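Report on the structure given below.
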Amino acid sequence: MRAFVVALALLGACASDEEDPGNRIVGVWALDLDDCYVVHAFDADSTYEIRMACDLSAGPDDLRVEGYGGYWHADGEELTLDPVQGTCPARTKQFTDMTTFRYGVSDDGSSLRFYSPSGAVDLDRVVRDGDSSSGGGSVITFGCYVDGAFEPRELERY
């Protein structure tokens with residue numbers, strides 16, 4: 001349940017989770033790490049958003065979030081992300097540069113796998129089942145994690 005609440009608060013109403021049968025990556029995907037929670041949203045209009053929260057101690061009511069957005073393009077098993085905005089300065093972190101990598105969606109559509117030379121990571125599809133996507137009154141502070149400390153920052157265009 002924590003994952004569901006955090007995913008909704010991180011994305012709010014900014015992404016559609018309706019799957020386009022022609023492109024199985026469209027939707028909202030979440031990765032729950034030991035110290036961070038990352039949500040990727042891919043829309044049918046080829047835009048994407050990434051939200052990452054690494055200080056979850058206050059729960060979903062007070063989230064400190066890195067945010068990124070841009071355009072995506074899938075070609076066979078390759079996915080390219082071209083960021084155009086973010087809360088961390090351009091070219092300072094992995095989400096701020098154009099990146100192409102292998103990906104795959106499970107047969108049942110429940111997980112999205114990103115491949116890298118060092119391994120793979122699986123994200124789970126977030127299904128809203130008609131629940132509100134408003135975030136439920138959560139306070140979200142955008143910023144950038146620098147050397148383990150959070151610095152509040154607005155989204156900036158690259």
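Each chain in the structure tokens gets a letter, A, B and so on, in the order shown; residues start at 1 in every chain, and ligands are counted from 1 in the order they appear.
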Per-residue nearest contacts stretch 46-104 of chain A to stretch 148-154 of chain A, cut-off 12 Å, using only C-alpha atoms, as a tab-separated table:
```
residue	atom	partner	partner_atom	distance
A:Met52	CA	A:Phe150	CA	11.8
A:Ala53	CA	A:Phe150	CA	10.1
A:Cys54	CA	A:Phe150	CA	9.0
A:Asp55	CA	A:Phe150	CA	8.7
A:Leu63	CA	A:Phe150	CA	11.0
A:Arg64	CA	A:Phe150	CA	7.5
A:Val65	CA	A:Phe150	CA	8.8
A:Glu66	CA	A:Arg153	CA	8.8
A:Gly67	CA	A:Glu154	CA	9.1
A:Tyr68	CA	A:Glu154	CA	10.8
A:Gln85	CA	A:Glu154	CA	10.0
A:Gly86	CA	A:Glu154	CA	8.1
A:Thr87	CA	A:Glu154	CA	5.7
A:Cys88	CA	A:Arg153	CA	7.6
A:Pro89	CA	A:Arg153	CA	9.6
```
Would you pick out the contacts of A:Phe101 at 8 Å or less, using only C-alpha atoms, so that residues sharing its chain but fewer than 5 positions from it are not included, and give the list as a list in words? Glu78, Leu79, Thr80, Phe114, Tyr115 and Ser116 of chain A
Take the residues that were just selected and, keeping C-alpha atoms, output them as a PDB file, in the first residue's frame.
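Listed below is the output, out_31.pdb:
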```pdb
ATOM      1  CA  GLU A  78      15.584   0.093 -27.406  1.00  0.00           C
ATOM      2  CA  LEU A  79      14.171   3.006 -25.438  1.00  0.00           C
ATOM      3  CA  THR A  80      15.522   6.545 -25.737  1.00  0.00           C
ATOM      4  CA  PHE A 114      15.443  -1.735 -17.993  1.00  0.00           C
ATOM      5  CA  TYR A 115      18.763  -3.356 -18.986  1.00  0.00           C
ATOM      6  CA  SER A 116      22.233  -1.895 -18.460  1.00  0.00           C
TER       7      SER A 116
END
```
Could you write out, as a PyMOL selection string, all the residues of stretch 32-79 of chain A that DSSP marks as strand (DSSP E)? chain A and resi 32+37-42+47-55+62-75+78-79
Can you pull out the residues contacting stretch 29-46 of chain A? Cut-off 6 Å, using only C-alpha atoms, and skip same-chain residues under 3 positions away; I want them as a PyMOL selection string. chain A and resi 15-16+26+49-54+71-72+123-126
